[in-house]
Amino acid sequence: MVATSTMIAMAVNMILGLVIPATLYIVMKKHFGHNRKAFFIGCGIMLLFAFVLESLVHQLVLGGPLGMSIQSNIWLYGLYGASMAAIFEETGRLIAFKFLLKKHRENDSSALFYGAGHGGFEAYYILFMSGINNLTFATMINAGNASALTAGLEGTALVQIESAIEQMLNASWTLFLLSPIERIAAVILQVSLSVLVWFGVKTGNYKLYGMALLLHFLMDFVAVIVNNLLSGLGMAGTIIVEIIIWAAAILSAFCAKKVWKKYHD
């Protein structure tokens, strides 16, 4: 049985998946005025580049001949996953700033609105959409219908679902409530990286785009490797990974602040 406290934590995550992006937009609007276009372009680019295009590449690569080799070696998997995330998201940012927000280039707050939309949609997708799946799984498990979740599956898909069910049965409610805390750090990171790429496009200094790529890659790569190495520590290992994510977010914010002060009109 999945504990009631765990299911409540899942529901709270779902609610926060709606609250976080809405709050981000309201706060941005209050401090920087209206810039709805940049915010929703940030949402759209995140959806297209991270959850559609990147996912298609994962299906091709991980489902192909190299897939097993990559997934069986944590260093290769971390290198691959971090590279794909950095390339797709930062390139999406670059395209958005260079073309879709070209007419807004004199308004530097567009970078902040875009980053809020980018990170806000990510929070919505991870907390709200995943929350629906988690609650559905938990409800079926508690109703004694767990076998329906694995019916007709085989190979990797079966292993993944069985692993997800086992993790859900053993998971503490505190694990789920760490997810919103991580999303806040991710939003800080997304806004910061948006500032770097924005001024890279605006000034023609594409080293800033390279810096955003590097920061994004390092955060994801280190998080994947450390999470694997500390998996035996349970909640303590998870907390260490969250600290690393927050450290990366703070480092990115520091870099973005310096770039903003240097280039902001």
# chains A, B, ... in the order shown; residues from 1 in each chain; ligands from 1
>>> residues_around(residues="Asn227 of chain A", least_positions_apart="4", cutoff="7 Å", atoms="only C-alpha atoms", output="ChimeraX atom specification")
/A:223,231,237-238,241
>>> residues_around(residues="segment 20-34 of chain A", least_positions_apart="2", cutoff="10 Å", atoms="only C-alpha atoms", output="VMD selection string")
chain A and resid 15 to 18 36 to 40 43 107 to 110 112 to 113 115 to 124 127 180 183 to 184 187
>>> write_last_selection(atoms="N, CA and C atoms", output="PDB file, in the first residue's frame")
ATOM      1  N   ILE A  15      -0.509  20.733  -6.845  1.00  0.00           N
ATOM      2  CA  ILE A  15      -0.979  22.107  -6.619  1.00  0.00           C
ATOM      3  C   ILE A  15       0.151  23.098  -6.836  1.00  0.00           C
ATOM      4  N   LEU A  16       1.332  22.769  -6.301  1.00  0.00           N
ATOM      5  CA  LEU A  16       2.479  23.659  -6.462  1.00  0.00           C
ATOM      6  C   LEU A  16       2.923  23.750  -7.920  1.00  0.00           C
ATOM      7  N   GLY A  17       2.665  22.702  -8.684  1.00  0.00           N
ATOM      8  CA  GLY A  17       2.973  22.731 -10.106  1.00  0.00           C
ATOM      9  C   GLY A  17       2.175  23.795 -10.846  1.00  0.00           C
ATOM     10  N   LEU A  18       1.038  24.182 -10.311  1.00  0.00           N
ATOM     11  CA  LEU A  18       0.240  25.271 -10.873  1.00  0.00           C
ATOM     12  C   LEU A  18       0.587  26.607 -10.226  1.00  0.00           C
ATOM     13  N   ARG A  36       4.102  39.494 -21.511  1.00  0.00           N
ATOM     14  CA  ARG A  36       3.461  38.189 -21.644  1.00  0.00           C
ATOM     15  C   ARG A  36       4.107  37.346 -22.746  1.00  0.00           C
ATOM     16  N   LYS A  37       4.500  38.015 -23.823  1.00  0.00           N
ATOM     17  CA  LYS A  37       5.061  37.285 -24.970  1.00  0.00           C
ATOM     18  C   LYS A  37       6.318  36.531 -24.571  1.00  0.00           C
ATOM     19  N   ALA A  38       7.248  37.198 -23.875  1.00  0.00           N
ATOM     20  CA  ALA A  38       8.499  36.548 -23.481  1.00  0.00           C
ATOM     21  C   ALA A  38       8.230  35.378 -22.535  1.00  0.00           C
ATOM     22  N   PHE A  39       7.279  35.543 -21.623  1.00  0.00           N
ATOM     23  CA  PHE A  39       6.967  34.488 -20.659  1.00  0.00           C
ATOM     24  C   PHE A  39       6.450  33.247 -21.371  1.00  0.00           C
ATOM     25  N   PHE A  40       5.501  33.440 -22.287  1.00  0.00           N
ATOM     26  CA  PHE A  40       4.900  32.275 -22.941  1.00  0.00           C
ATOM     27  C   PHE A  40       5.794  31.687 -24.028  1.00  0.00           C
ATOM     28  N   CYS A  43       7.775  29.301 -22.068  1.00  0.00           N
ATOM     29  CA  CYS A  43       7.010  28.059 -21.857  1.00  0.00           C
ATOM     30  C   CYS A  43       7.056  27.186 -23.107  1.00  0.00           C
ATOM     31  N   ASN A 107      14.539  45.669 -24.312  1.00  0.00           N
ATOM     32  CA  ASN A 107      13.918  45.467 -23.006  1.00  0.00           C
ATOM     33  C   ASN A 107      14.552  44.245 -22.341  1.00  0.00           C
ATOM     34  N   ASP A 108      15.550  44.490 -21.510  1.00  0.00           N
ATOM     35  CA  ASP A 108      16.299  43.376 -20.914  1.00  0.00           C
ATOM     36  C   ASP A 108      15.458  42.519 -19.970  1.00  0.00           C
ATOM     37  N   SER A 109      14.344  43.045 -19.502  1.00  0.00           N
ATOM     38  CA  SER A 109      13.485  42.237 -18.626  1.00  0.00           C
ATOM     39  C   SER A 109      12.887  41.057 -19.389  1.00  0.00           C
ATOM     40  N   SER A 110      12.962  41.098 -20.732  1.00  0.00           N
ATOM     41  CA  SER A 110      12.482  39.964 -21.529  1.00  0.00           C
ATOM     42  C   SER A 110      13.226  38.687 -21.156  1.00  0.00           C
ATOM     43  N   LEU A 112      14.327  37.908 -18.211  1.00  0.00           N
ATOM     44  CA  LEU A 112      13.786  37.443 -16.937  1.00  0.00           C
ATOM     45  C   LEU A 112      12.424  36.779 -17.125  1.00  0.00           C
ATOM     46  N   PHE A 113      11.573  37.409 -17.940  1.00  0.00           N
ATOM     47  CA  PHE A 113      10.260  36.827 -18.217  1.00  0.00           C
ATOM     48  C   PHE A 113      10.408  35.485 -18.934  1.00  0.00           C
ATOM     49  N   GLY A 115      12.983  33.417 -18.813  1.00  0.00           N
ATOM     50  CA  GLY A 115      13.492  32.438 -17.851  1.00  0.00           C
ATOM     51  C   GLY A 115      12.416  31.963 -16.894  1.00  0.00           C
ATOM     52  N   ALA A 116      11.526  32.892 -16.482  1.00  0.00           N
ATOM     53  CA  ALA A 116      10.423  32.515 -15.594  1.00  0.00           C
ATOM     54  C   ALA A 116       9.457  31.571 -16.301  1.00  0.00           C
ATOM     55  N   GLY A 117       9.203  31.841 -17.596  1.00  0.00           N
ATOM     56  CA  GLY A 117       8.333  30.956 -18.357  1.00  0.00           C
ATOM     57  C   GLY A 117       8.965  29.589 -18.577  1.00  0.00           C
ATOM     58  N   HIS A 118      10.250  29.594 -18.893  1.00  0.00           N
ATOM     59  CA  HIS A 118      11.013  28.360 -19.128  1.00  0.00           C
ATOM     60  C   HIS A 118      11.012  27.493 -17.862  1.00  0.00           C
ATOM     61  N   GLY A 119      11.404  28.089 -16.750  1.00  0.00           N
ATOM     62  CA  GLY A 119      11.447  27.353 -15.489  1.00  0.00           C
ATOM     63  C   GLY A 119      10.064  27.053 -14.939  1.00  0.00           C
ATOM     64  N   GLY A 120       9.126  27.975 -15.170  1.00  0.00           N
ATOM     65  CA  GLY A 120       7.768  27.773 -14.685  1.00  0.00           C
ATOM     66  C   GLY A 120       7.081  26.608 -15.376  1.00  0.00           C
ATOM     67  N   PHE A 121       7.278  26.501 -16.691  1.00  0.00           N
ATOM     68  CA  PHE A 121       6.676  25.381 -17.405  1.00  0.00           C
ATOM     69  C   PHE A 121       7.312  24.064 -16.987  1.00  0.00           C
ATOM     70  N   GLU A 122       8.613  24.096 -16.743  1.00  0.00           N
ATOM     71  CA  GLU A 122       9.296  22.889 -16.269  1.00  0.00           C
ATOM     72  C   GLU A 122       8.712  22.435 -14.931  1.00  0.00           C
ATOM     73  N   ALA A 123       8.450  23.405 -14.038  1.00  0.00           N
ATOM     74  CA  ALA A 123       7.853  23.075 -12.746  1.00  0.00           C
ATOM     75  C   ALA A 123       6.450  22.494 -12.932  1.00  0.00           C
ATOM     76  N   TYR A 124       5.681  23.099 -13.838  1.00  0.00           N
ATOM     77  CA  TYR A 124       4.328  22.601 -14.130  1.00  0.00           C
ATOM     78  C   TYR A 124       4.386  21.165 -14.646  1.00  0.00           C
ATOM     79  N   LEU A 127       5.974  18.749 -11.724  1.00  0.00           N
ATOM     80  CA  LEU A 127       5.177  18.616 -10.509  1.00  0.00           C
ATOM     81  C   LEU A 127       3.724  18.244 -10.805  1.00  0.00           C
ATOM     82  N   PRO A 180       9.452  20.199  -4.940  1.00  0.00           N
ATOM     83  CA  PRO A 180       9.199  21.630  -5.138  1.00  0.00           C
ATOM     84  C   PRO A 180      10.392  22.500  -4.754  1.00  0.00           C
ATOM     85  N   ARG A 183      12.606  22.468  -7.591  1.00  0.00           N
ATOM     86  CA  ARG A 183      12.067  23.272  -8.701  1.00  0.00           C
ATOM     87  C   ARG A 183      12.372  24.749  -8.525  1.00  0.00           C
ATOM     88  N   ILE A 184      12.355  25.233  -7.290  1.00  0.00           N
ATOM     89  CA  ILE A 184      12.671  26.641  -7.038  1.00  0.00           C
ATOM     90  C   ILE A 184      14.119  26.920  -7.434  1.00  0.00           C
ATOM     91  N   VAL A 187      14.303  27.049 -11.164  1.00  0.00           N
ATOM     92  CA  VAL A 187      13.810  28.324 -11.706  1.00  0.00           C
ATOM     93  C   VAL A 187      14.908  29.381 -11.631  1.00  0.00           C
TER      94      VAL A 187
END
>>> closest_residue(among="A:Asn170, A:Ser83, A:Ser163, A:Thr91", to="Met46 of chain A", atoms="only C-alpha atoms")
A:Thr91
>>> select_by_dssp(residues="segment 106-246 of chain A", states="alpha helix (DSSP H)", output="JSON, numbers by chain")
{"A": [109, 110, 111, 112, 113, 114, 115, 116, 117, 118, 119, 120, 121, 122, 123, 130, 131, 132, 133, 134, 135, 136, 137, 138, 139, 140, 141, 142, 146, 147, 148, 149, 150, 155, 156, 157, 158, 159, 160, 161, 162, 163, 164, 165, 166, 167, 168, 169, 170, 173, 174, 175, 176, 177, 178, 179, 180, 181, 182, 183, 184, 185, 186, 187, 188, 189, 190, 191, 192, 193, 194, 195, 196, 197, 198, 199, 200, 201, 202, 203, 207, 208, 209, 210, 211, 212, 213, 214, 215, 216, 217, 218, 219, 220, 221, 222, 223, 224, 225, 226, 227, 228, 229, 235, 236, 237, 238, 239, 240, 241, 242, 243, 244, 245, 246]}
>>> closest_residue(among="A:Ile245, A:Ala50, A:Leu149, A:Ala86", to="Ile126 of chain A", atoms="only C-alpha atoms")
A:Ala50
>>> residues_around(residues="Lys202 of chain A", least_positions_apart="6", cutoff="12 Å", atoms="only C-alpha atoms", output="list of chain:residue names")
A:Leu94, A:Phe97, A:Lys98, A:Phe99, A:Leu101, A:Lys102, A:Lys103, A:His104, A:Arg105, A:Glu106, A:Asn107, A:Asp108, A:Ser110, A:Ala111, A:Ser194, A:Val195, A:Leu196, A:Leu208, A:Tyr209, A:Val259, A:Trp260, A:Tyr263, A:His264, A:Asp265
>>> atom_distance(atom1="atom CA of Gly200 of chain A", atom2="atom CA of Leu47 of chain A")
22.7 Å
>>> residues_around(residues="Phe51 of chain A", least_positions_apart="5", cutoff="10 Å", atoms="only C-alpha atoms", output="list in words")
Ile45, Met46, Leu56, Phe88, Glu89, Glu122 and Tyr125 of chain A
>>> write_last_selection(atoms="C-alpha atoms", output="mmCIF file, in the first residue's frame")
data_model
loop_
_atom_site.group_PDB
_atom_site.id
_atom_site.type_symbol
_atom_site.label_atom_id
_atom_site.label_comp_id
_atom_site.auth_asym_id
_atom_site.auth_seq_id
_atom_site.Cartn_x
_atom_site.Cartn_y
_atom_site.Cartn_z
ATOM 1 C CA ILE A 45 10.465 26.676 -26.103
ATOM 2 C CA MET A 46 10.780 24.509 -22.999
ATOM 3 C CA LEU A 56 12.674 12.166 -29.622
ATOM 4 C CA PHE A 88 18.639 21.540 -26.431
ATOM 5 C CA GLU A 89 17.606 24.024 -23.744
ATOM 6 C CA GLU A 122 9.296 22.889 -16.269
ATOM 7 C CA TYR A 125 5.366 19.598 -16.205
#
